[in-house]
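Containing mmCIF, C-alpha atoms, pLDDT in the B column; chains and numbers go by the auth columns: run-v1.cif.
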data_final
#
loop_
_atom_site.group_PDB
_atom_site.id
_atom_site.type_symbol
_atom_site.label_atom_id
_atom_site.label_comp_id
_atom_site.label_asym_id
_atom_site.label_seq_id
_atom_site.Cartn_x
_atom_site.Cartn_y
_atom_site.Cartn_z
_atom_site.B_iso_or_equiv
_atom_site.auth_seq_id
_atom_site.auth_asym_id
ATOM 1 C CA MET A 1 -24.962 -55.189 1.938 97.00 1 D
ATOM 2 C CA ASP A 2 -22.218 -57.215 3.634 98.00 2 D
ATOM 3 C CA VAL A 3 -18.891 -55.712 2.516 98.00 3 D
ATOM 4 C CA GLN A 4 -15.856 -57.717 3.631 98.00 4 D
ATOM 5 C CA ILE A 5 -12.269 -56.627 3.052 98.00 5 D
ATOM 6 C CA VAL A 6 -10.020 -59.653 3.499 98.00 6 D
ATOM 7 C CA LEU A 7 -6.683 -58.923 5.147 98.00 7 D
ATOM 8 C CA TYR A 8 -3.522 -61.011 5.333 98.00 8 D
ATOM 9 C CA GLU A 9 0.000 -60.464 6.582 98.00 9 D
ATOM 10 C CA GLY A 10 1.758 -58.019 4.259 98.00 10 D
ATOM 11 C CA PHE A 11 -1.297 -56.505 2.538 98.00 11 D
ATOM 12 C CA ASP A 12 -0.796 -52.930 1.345 98.00 12 D
ATOM 13 C CA GLU A 13 -2.365 -50.496 3.810 98.00 13 D
ATOM 14 C CA LEU A 14 -4.019 -48.152 1.329 97.00 14 D
ATOM 15 C CA ASP A 15 -5.404 -51.035 -0.752 98.00 15 D
ATOM 16 C CA ALA A 16 -7.659 -51.931 2.185 98.00 16 D
ATOM 17 C CA VAL A 17 -7.972 -48.754 4.250 98.00 17 D
ATOM 18 C CA GLY A 18 -8.873 -46.536 1.259 98.00 18 D
ATOM 19 C CA PRO A 19 -11.903 -48.630 0.257 98.00 19 D
ATOM 20 C CA PHE A 20 -12.805 -49.118 3.942 98.00 20 D
ATOM 21 C CA GLU A 21 -13.025 -45.361 4.439 98.00 21 D
ATOM 22 C CA VAL A 22 -15.072 -44.893 1.259 98.00 22 D
ATOM 23 C CA PHE A 23 -17.583 -47.573 2.279 98.00 23 D
ATOM 24 C CA ALA A 24 -17.766 -46.259 5.866 98.00 24 D
ATOM 25 C CA ASN A 25 -18.387 -42.718 4.612 98.00 25 D
ATOM 26 C CA ALA A 26 -21.004 -44.016 2.182 98.00 26 D
ATOM 27 C CA THR A 27 -22.799 -45.753 5.034 98.00 27 D
ATOM 28 C CA SER A 28 -22.768 -42.493 7.031 97.00 28 D
ATOM 29 C CA ALA A 29 -24.164 -40.734 3.955 97.00 29 D
ATOM 30 C CA GLY A 30 -27.143 -43.099 3.714 96.00 30 D
ATOM 31 C CA GLY A 31 -25.759 -46.042 1.746 97.00 31 D
ATOM 32 C CA ASP A 32 -25.968 -49.576 3.102 96.00 32 D
ATOM 33 C CA LEU A 33 -22.319 -50.585 2.654 98.00 33 D
ATOM 34 C CA PRO A 34 -20.829 -51.062 6.128 98.00 34 D
ATOM 35 C CA PRO A 35 -17.348 -52.534 5.695 98.00 35 D
ATOM 36 C CA THR A 36 -15.721 -55.143 7.917 98.00 36 D
ATOM 37 C CA LEU A 37 -12.093 -56.249 8.029 98.00 37 D
ATOM 38 C CA VAL A 38 -11.781 -60.024 7.959 98.00 38 D
ATOM 39 C CA THR A 39 -9.117 -62.721 7.737 98.00 39 D
ATOM 40 C CA LEU A 40 -9.110 -66.403 6.856 98.00 40 D
ATOM 41 C CA ASP A 41 -8.515 -67.410 10.470 97.00 41 D
ATOM 42 C CA GLU A 42 -9.405 -66.041 13.877 97.00 42 D
ATOM 43 C CA ARG A 43 -6.931 -63.408 15.057 97.00 43 D
ATOM 44 C CA ASP A 44 -6.915 -59.992 16.660 97.00 44 D
ATOM 45 C CA THR A 45 -4.564 -58.103 14.341 98.00 45 D
ATOM 46 C CA VAL A 46 -2.785 -58.245 11.004 98.00 46 D
ATOM 47 C CA THR A 47 0.434 -56.426 10.103 98.00 47 D
ATOM 48 C CA ALA A 48 0.409 -54.655 6.758 98.00 48 D
ATOM 49 C CA SER A 49 3.326 -54.188 4.366 97.00 49 D
ATOM 50 C CA HIS A 50 4.543 -50.916 5.882 97.00 50 D
ATOM 51 C CA GLY A 51 4.164 -52.062 9.491 97.00 51 D
ATOM 52 C CA LEU A 52 0.653 -50.816 10.316 98.00 52 D
ATOM 53 C CA ARG A 53 -1.102 -53.222 12.684 98.00 53 D
ATOM 54 C CA VAL A 54 -4.807 -53.416 11.982 97.00 54 D
ATOM 55 C CA GLY A 55 -7.567 -54.855 14.172 97.00 55 D
ATOM 56 C CA VAL A 56 -9.769 -57.516 12.638 98.00 56 D
ATOM 57 C CA ASP A 57 -13.572 -57.730 12.892 98.00 57 D
ATOM 58 C CA GLY A 58 -13.942 -61.442 12.168 98.00 58 D
ATOM 59 C CA VAL A 59 -13.397 -64.339 9.808 98.00 59 D
ATOM 60 C CA LEU A 60 -14.208 -64.290 6.087 98.00 60 D
ATOM 61 C CA SER A 61 -17.676 -65.711 5.538 97.00 61 D
ATOM 62 C CA ASP A 62 -20.138 -65.222 2.686 97.00 62 D
ATOM 63 C CA PRO A 63 -20.047 -61.536 1.753 98.00 63 D
ATOM 64 C CA ASP A 64 -22.197 -59.725 -0.769 98.00 64 D
ATOM 65 C CA LEU A 65 -19.093 -57.774 -1.770 98.00 65 D
ATOM 66 C CA LEU A 66 -15.508 -58.970 -1.289 98.00 66 D
ATOM 67 C CA VAL A 67 -12.480 -56.680 -1.571 98.00 67 D
ATOM 68 C CA VAL A 68 -9.073 -58.353 -1.970 98.00 68 D
ATOM 69 C CA PRO A 69 -6.159 -55.942 -1.474 98.00 69 D
ATOM 70 C CA GLY A 70 -2.688 -56.453 -2.881 98.00 70 D
ATOM 71 C CA GLY A 71 0.803 -55.832 -1.567 97.00 71 D
ATOM 72 C CA GLY A 72 4.078 -57.708 -1.693 94.00 72 D
ATOM 73 C CA TRP A 73 3.611 -59.118 -5.191 96.00 73 D
ATOM 74 C CA ASN A 74 6.065 -57.139 -7.269 95.00 74 D
ATOM 75 C CA ASP A 75 8.964 -57.724 -4.862 94.00 75 D
ATOM 76 C CA ARG A 76 7.927 -61.359 -4.195 96.00 76 D
ATOM 77 C CA SER A 77 7.765 -60.576 -0.489 92.00 77 D
ATOM 78 C CA SER A 78 7.596 -63.361 2.068 93.00 78 D
ATOM 79 C CA ALA A 79 4.443 -61.652 3.386 95.00 79 D
ATOM 80 C CA GLY A 80 1.835 -60.347 0.977 97.00 80 D
ATOM 81 C CA ALA A 81 -0.060 -61.343 -2.142 98.00 81 D
ATOM 82 C CA TRP A 82 2.807 -63.439 -3.520 97.00 82 D
ATOM 83 C CA SER A 83 2.975 -65.422 -0.293 97.00 83 D
ATOM 84 C CA GLN A 84 -0.802 -65.844 -0.238 98.00 84 D
ATOM 85 C CA VAL A 85 -0.726 -67.343 -3.731 98.00 85 D
ATOM 86 C CA GLU A 86 2.099 -69.672 -2.701 97.00 86 D
ATOM 87 C CA GLN A 87 0.124 -70.838 0.347 97.00 87 D
ATOM 88 C CA GLY A 88 -3.065 -71.259 -1.695 98.00 88 D
ATOM 89 C CA ASP A 89 -5.713 -70.770 1.002 98.00 89 D
ATOM 90 C CA LEU A 90 -6.789 -67.259 0.014 98.00 90 D
ATOM 91 C CA PRO A 91 -7.118 -68.037 -3.710 98.00 91 D
ATOM 92 C CA GLU A 92 -9.235 -71.081 -2.762 98.00 92 D
ATOM 93 C CA ALA A 93 -11.473 -68.917 -0.558 98.00 93 D
ATOM 94 C CA VAL A 94 -11.829 -66.320 -3.321 98.00 94 D
ATOM 95 C CA ALA A 95 -12.757 -69.034 -5.847 98.00 95 D
ATOM 96 C CA ARG A 96 -15.421 -70.352 -3.454 98.00 96 D
ATOM 97 C CA ILE A 97 -16.922 -66.899 -2.948 98.00 97 D
ATOM 98 C CA ALA A 98 -16.838 -66.192 -6.699 98.00 98 D
ATOM 99 C CA GLU A 99 -19.172 -69.171 -7.198 98.00 99 D
ATOM 100 C CA THR A 100 -21.863 -67.379 -5.139 97.00 100 D
ATOM 101 C CA ASP A 101 -23.819 -64.242 -5.997 97.00 101 D
ATOM 102 C CA ALA A 102 -21.102 -62.070 -4.449 98.00 102 D
ATOM 103 C CA VAL A 103 -19.358 -59.267 -6.269 98.00 103 D
ATOM 104 C CA VAL A 104 -15.630 -60.035 -6.088 98.00 104 D
ATOM 105 C CA THR A 105 -13.216 -57.138 -6.341 98.00 105 D
ATOM 106 C CA SER A 106 -9.489 -56.546 -6.111 98.00 106 D
ATOM 107 C CA VAL A 107 -7.206 -53.608 -5.595 98.00 107 D
ATOM 108 C CA CYS A 108 -3.700 -53.465 -7.042 97.00 108 D
ATOM 109 C CA THR A 109 -1.949 -56.856 -6.977 98.00 109 D
ATOM 110 C CA GLY A 110 -4.936 -58.366 -5.212 98.00 110 D
ATOM 111 C CA GLY A 111 -5.807 -59.013 -8.859 98.00 111 D
ATOM 112 C CA MET A 112 -3.036 -61.598 -8.967 98.00 112 D
ATOM 113 C CA ILE A 113 -4.738 -63.479 -6.132 98.00 113 D
ATOM 114 C CA LEU A 114 -7.934 -63.429 -8.201 98.00 114 D
ATOM 115 C CA ALA A 115 -6.003 -64.649 -11.260 98.00 115 D
ATOM 116 C CA HIS A 116 -4.582 -67.580 -9.314 98.00 116 D
ATOM 117 C CA ALA A 117 -8.083 -68.307 -8.010 98.00 117 D
ATOM 118 C CA GLY A 118 -9.217 -68.702 -11.624 98.00 118 D
ATOM 119 C CA VAL A 119 -11.916 -66.029 -11.336 98.00 119 D
ATOM 120 C CA LEU A 120 -10.369 -63.769 -13.994 98.00 120 D
ATOM 121 C CA ASP A 121 -10.307 -66.471 -16.687 97.00 121 D
ATOM 122 C CA GLY A 122 -11.622 -65.054 -19.969 98.00 122 D
ATOM 123 C CA ARG A 123 -12.580 -61.748 -18.374 98.00 123 D
ATOM 124 C CA PRO A 124 -11.313 -58.160 -18.519 98.00 124 D
ATOM 125 C CA ALA A 125 -9.214 -57.076 -15.546 98.00 125 D
ATOM 126 C CA VAL A 126 -6.385 -54.871 -14.355 98.00 126 D
ATOM 127 C CA THR A 127 -3.746 -54.983 -11.644 98.00 127 D
ATOM 128 C CA HIS A 128 -0.804 -52.813 -10.594 97.00 128 D
ATOM 129 C CA ARG A 129 1.196 -51.837 -13.668 96.00 129 D
ATOM 130 C CA GLY A 130 4.249 -53.641 -12.255 96.00 130 D
ATOM 131 C CA ALA A 131 2.303 -56.916 -12.404 97.00 131 D
ATOM 132 C CA LEU A 132 0.570 -56.505 -15.781 97.00 132 D
ATOM 133 C CA ASP A 133 3.016 -58.874 -17.481 97.00 133 D
ATOM 134 C CA ASP A 134 2.309 -61.471 -14.782 97.00 134 D
ATOM 135 C CA LEU A 135 -1.416 -61.013 -15.388 98.00 135 D
ATOM 136 C CA ARG A 136 -0.914 -61.482 -19.136 97.00 136 D
ATOM 137 C CA GLU A 137 0.290 -65.031 -18.411 97.00 137 D
ATOM 138 C CA PHE A 138 -3.335 -65.911 -17.613 97.00 138 D
ATOM 139 C CA ASP A 139 -6.386 -66.126 -19.870 97.00 139 D
ATOM 140 C CA VAL A 140 -7.305 -62.540 -18.991 97.00 140 D
ATOM 141 C CA GLU A 141 -8.251 -59.595 -21.191 98.00 141 D
ATOM 142 C CA VAL A 142 -5.741 -57.218 -19.590 98.00 142 D
ATOM 143 C CA ARG A 143 -6.827 -53.597 -19.554 97.00 143 D
ATOM 144 C CA GLU A 144 -4.717 -50.662 -18.484 93.00 144 D
ATOM 145 C CA GLU A 145 -7.485 -48.713 -16.720 96.00 145 D
ATOM 146 C CA ARG A 146 -7.963 -47.597 -13.111 96.00 146 D
ATOM 147 C CA VAL A 147 -11.180 -49.586 -12.650 97.00 147 D
ATOM 148 C CA VAL A 148 -12.529 -52.432 -14.775 98.00 148 D
ATOM 149 C CA ASP A 149 -16.146 -53.414 -14.063 98.00 149 D
ATOM 150 C CA ASP A 150 -17.310 -56.743 -15.461 98.00 150 D
ATOM 151 C CA GLY A 151 -20.491 -57.129 -13.443 97.00 151 D
ATOM 152 C CA ASP A 152 -19.781 -59.509 -10.579 98.00 152 D
ATOM 153 C CA LEU A 153 -16.032 -58.914 -10.980 98.00 153 D
ATOM 154 C CA VAL A 154 -14.452 -55.488 -10.497 98.00 154 D
ATOM 155 C CA THR A 155 -10.700 -54.889 -10.468 98.00 155 D
ATOM 156 C CA ALA A 156 -8.584 -51.798 -9.850 98.00 156 D
ATOM 157 C CA GLY A 157 -5.046 -50.887 -10.871 96.00 157 D
ATOM 158 C CA GLY A 158 -2.404 -49.429 -8.582 91.00 158 D
ATOM 159 C CA VAL A 159 -2.744 -48.561 -4.918 88.00 159 D
ATOM 160 C CA THR A 160 -4.772 -45.333 -5.019 94.00 160 D
ATOM 161 C CA SER A 161 -7.191 -46.750 -7.583 96.00 161 D
ATOM 162 C CA GLY A 162 -8.796 -48.670 -4.710 97.00 162 D
ATOM 163 C CA ILE A 163 -10.486 -45.435 -3.693 97.00 163 D
ATOM 164 C CA ASP A 164 -11.866 -45.056 -7.228 97.00 164 D
ATOM 165 C CA LEU A 165 -12.990 -48.707 -7.171 98.00 165 D
ATOM 166 C CA ALA A 166 -14.885 -48.166 -3.923 98.00 166 D
ATOM 167 C CA LEU A 167 -16.466 -44.922 -5.162 98.00 167 D
ATOM 168 C CA HIS A 168 -17.499 -46.715 -8.351 97.00 168 D
ATOM 169 C CA LEU A 169 -19.174 -49.417 -6.254 98.00 169 D
ATOM 170 C CA VAL A 170 -20.828 -46.851 -3.974 98.00 170 D
ATOM 171 C CA GLU A 171 -22.307 -45.185 -7.049 97.00 171 D
ATOM 172 C CA ARG A 172 -23.438 -48.559 -8.383 98.00 172 D
ATOM 173 C CA PHE A 173 -25.048 -49.790 -5.161 98.00 173 D
ATOM 174 C CA ALA A 174 -26.011 -46.607 -3.292 98.00 174 D
ATOM 175 C CA GLY A 175 -26.418 -44.077 -6.083 97.00 175 D
ATOM 176 C CA GLY A 176 -24.635 -41.081 -7.514 96.00 176 D
ATOM 177 C CA ASP A 177 -25.753 -38.711 -4.758 97.00 177 D
ATOM 178 C CA VAL A 178 -24.145 -40.837 -2.047 98.00 178 D
ATOM 179 C CA ALA A 179 -20.974 -41.243 -4.125 97.00 179 D
ATOM 180 C CA GLU A 180 -20.803 -37.492 -4.649 97.00 180 D
ATOM 181 C CA ARG A 181 -21.217 -36.821 -0.916 97.00 181 D
ATOM 182 C CA VAL A 182 -18.383 -39.265 -0.173 98.00 182 D
ATOM 183 C CA THR A 183 -16.170 -37.678 -2.828 97.00 183 D
ATOM 184 C CA THR A 184 -16.799 -34.246 -1.312 96.00 184 D
ATOM 185 C CA GLU A 185 -16.230 -35.477 2.261 95.00 185 D
ATOM 186 C CA MET A 186 -12.933 -37.116 1.315 96.00 186 D
ATOM 187 C CA GLU A 187 -11.873 -34.223 -0.969 95.00 187 D
ATOM 188 C CA TRP A 188 -11.145 -36.775 -3.677 94.00 188 D
ATOM 189 C CA GLU A 189 -11.031 -36.038 -7.379 89.00 189 D
ATOM 190 C CA ARG A 190 -12.213 -39.114 -9.175 83.00 190 D
ATOM 191 C CA GLU A 191 -10.044 -40.339 -12.017 72.00 191 D
ATOM 192 C CA SER A 192 -11.686 -41.335 -15.250 55.00 192 D
ATOM 193 C CA GLU A 193 -12.347 -45.022 -15.330 49.00 193 D
#
As structure tokens, the full file:
Amino acid sequence: MDVQIVLYEGFDELDAVGPFEVFANATSAGGDLPPTLVTLDERDTVTASHGLRVGVDGVLSDPDLLVVPGGGWNDRSSAGAWSQVEQGDLPEAVARIAETDAVVTSVCTGGMILAHAGVLDGRPAVTHRGALDDLREFDVEVREERVVDDGDLVTAGGVTSGIDLALHLVERFAGGDVAERVTTEMEWERESE
């Protein structure tokens, strides 16, 4: 399975790195979920919201599973999800991918990028609690849960819920045994979904 985590300037570190580690550990435990870090354009690194510079594996293509992290929405940062919505390229790319057989997911305020892409229309979803009112401005069935699974669309709430989202997807695509091994390896206590 081709798992791509799309990065952009100002993304929240844990929104991307948490799921990356879960998918990497799942692959080591026998699952077929190797993650890659991608961007919309060719570049070597991206700087996250707290200053972490992250290397990039390639350019966003046609993944089987797309993870869109958040960051920089609630404070309307000049770098982050808010800026990505203003620029429009990432929401357009997400909308294009959502028209394929891919599973599209978001962590935290990455859900606002999905909302602006139109992929949440008429569907249940969640985002960071600080952006729930923004999400309610769309035709979305807003849920206040850590992970909301609607088949080919899976969203997660605040920052740490990205780990629960990834574990949920590992269980779905690689089985409960692999998810349990990852949970044990990471010493993570899964929250109820």
Using the chain letters and numbers from the file, which residues does the PyMOL selection byres ((chain D and resi 19) around 10) grab, as an NGL selection string? :D and (5 or 14-18 or 20-25 or 35 or 67 or 69 or 107 or 160-167 or 169)
Separation of atom CA of D:Glu145 from atom CA of D:Ala48, in Å and rounded to one decimal: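 Between these atoms lies a distance of 25.5 Å.
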Taking the file as shown, what set of residues would the PyMOL selection byres ((chain D and resi 89) around 12) give back, as a count of residues only? 23
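Of the residues under consideration (D:Glu144, D:Glu9, D:Asp44, D:Asp139), D:Glu144 shows the shortest atom-to-atom contact distance to D:Val126 when counting all atoms listed in the file.
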If you measure from atom CA of D:Gly31 to atom CA of D:Asp150, what distance in Å do you get, rounded to one decimal?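 Separating atom CA of D:Gly31 from atom CA of D:Asp150 is a distance of 22.0 Å.
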Between atom CA of D:Gly10 and atom CA of D:Asp75 - distance in Å to one decimal: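 Those two atoms sit 11.6 Å apart.
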Top pick for closest residue to D:Thr105, considering D:Gly55, D:Gly151, D:Gly175, D:Gly30 and counting all atoms listed in the file: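 Looking at the shortest contact to D:Thr105, the residue is D:Gly151.
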Once the PyMOL selection byres ((chain D and resi 47) around 12) has been applied to the shown file, what residues remain in the selection, as an mmCIF file with C-alpha atoms, in the frame of the given file?
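Below you can see part_16.cif, which holds the result:
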data_model
loop_
_atom_site.group_PDB
_atom_site.id
_atom_site.type_symbol
_atom_site.label_atom_id
_atom_site.label_comp_id
_atom_site.auth_asym_id
_atom_site.auth_seq_id
_atom_site.Cartn_x
_atom_site.Cartn_y
_atom_site.Cartn_z
ATOM 1 C CA LEU D 7 -6.683 -58.923 5.147
ATOM 2 C CA TYR D 8 -3.522 -61.011 5.333
ATOM 3 C CA GLU D 9 0.000 -60.464 6.582
ATOM 4 C CA GLY D 10 1.758 -58.019 4.259
ATOM 5 C CA PHE D 11 -1.297 -56.505 2.538
ATOM 6 C CA ASP D 12 -0.796 -52.930 1.345
ATOM 7 C CA GLU D 13 -2.365 -50.496 3.810
ATOM 8 C CA THR D 39 -9.117 -62.721 7.737
ATOM 9 C CA ARG D 43 -6.931 -63.408 15.057
ATOM 10 C CA ASP D 44 -6.915 -59.992 16.660
ATOM 11 C CA THR D 45 -4.564 -58.103 14.341
ATOM 12 C CA VAL D 46 -2.785 -58.245 11.004
ATOM 13 C CA ALA D 48 0.409 -54.655 6.758
ATOM 14 C CA SER D 49 3.326 -54.188 4.366
ATOM 15 C CA HIS D 50 4.543 -50.916 5.882
ATOM 16 C CA GLY D 51 4.164 -52.062 9.491
ATOM 17 C CA LEU D 52 0.653 -50.816 10.316
ATOM 18 C CA ARG D 53 -1.102 -53.222 12.684
ATOM 19 C CA VAL D 54 -4.807 -53.416 11.982
ATOM 20 C CA GLY D 55 -7.567 -54.855 14.172
ATOM 21 C CA VAL D 56 -9.769 -57.516 12.638
ATOM 22 C CA GLY D 71 0.803 -55.832 -1.567
ATOM 23 C CA ALA D 79 4.443 -61.652 3.386
ATOM 24 C CA GLY D 80 1.835 -60.347 0.977
#
If we count all atoms listed in the file, what is near D:Thr127 at a cut-off of 8 Å, once residues fewer than 3 positions away on the same chain are taken out, given as a list in words?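 Residues meeting the cut-off are Val107, Cys108, Thr109, Gly110, Gly111, Met112, Ala131, Leu132, Leu135, Thr155, Ala156, Gly157 and Gly158 of chain D.
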Write a file of the just-selected residues containing C-alpha atoms, as a PDB file, keeping the file's coordinate frame.
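The resulting file, out36.pdb, is shown below:
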ATOM      1  CA  VAL D 107      -7.206 -53.608  -5.595  1.00 98.00           C
ATOM      2  CA  CYS D 108      -3.700 -53.465  -7.042  1.00 97.00           C
ATOM      3  CA  THR D 109      -1.949 -56.856  -6.977  1.00 98.00           C
ATOM      4  CA  GLY D 110      -4.936 -58.366  -5.212  1.00 98.00           C
ATOM      5  CA  GLY D 111      -5.807 -59.013  -8.859  1.00 98.00           C
ATOM      6  CA  MET D 112      -3.036 -61.598  -8.967  1.00 98.00           C
ATOM      7  CA  ALA D 131       2.303 -56.916 -12.404  1.00 97.00           C
ATOM      8  CA  LEU D 132       0.570 -56.505 -15.781  1.00 97.00           C
ATOM      9  CA  LEU D 135      -1.416 -61.013 -15.388  1.00 98.00           C
ATOM     10  CA  THR D 155     -10.700 -54.889 -10.468  1.00 98.00           C
ATOM     11  CA  ALA D 156      -8.584 -51.798  -9.850  1.00 98.00           C
ATOM     12  CA  GLY D 157      -5.046 -50.887 -10.871  1.00 96.00           C
ATOM     13  CA  GLY D 158      -2.404 -49.429  -8.582  1.00 91.00           C
TER      14      GLY D 158
END
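Using all atoms listed in the file, the nearest neighbour of D:Pro63 within the list D:Met186, D:Val3, D:Val119, D:Ala98 is D:Val3.
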Counting all atoms listed in the file, the residue among D:Met1, D:Ala115, D:Ala29, D:Ala125 that lies closest to D:Val148 is D:Ala125
Would you please work out which residue, of D:Leu37, D:Arg190, D:Glu42, D:Arg181, is nearest to D:His168 when using only C-alpha atoms? D:Arg190
Choose the residue, out of D:Val159, D:Val154, D:Val59, D:Val140, that has the smallest atom-to-atom separation from D:Ser106; count only C-alpha atoms.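 Residue with the minimum atom-to-atom distance to D:Ser106: D:Val154.
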Spatial neighbours of D:Asp152, max dist 7 Å, all atoms listed in the file, sep filter under 6 positions, as a PDB file with C-alpha atoms, in the frame of the given file:
ATOM      1  CA  ALA D 102     -21.102 -62.070  -4.449  1.00 98.00           C
ATOM      2  CA  VAL D 103     -19.358 -59.267  -6.269  1.00 98.00           C
ATOM      3  CA  VAL D 104     -15.630 -60.035  -6.088  1.00 98.00           C
TER       4      VAL D 104
END
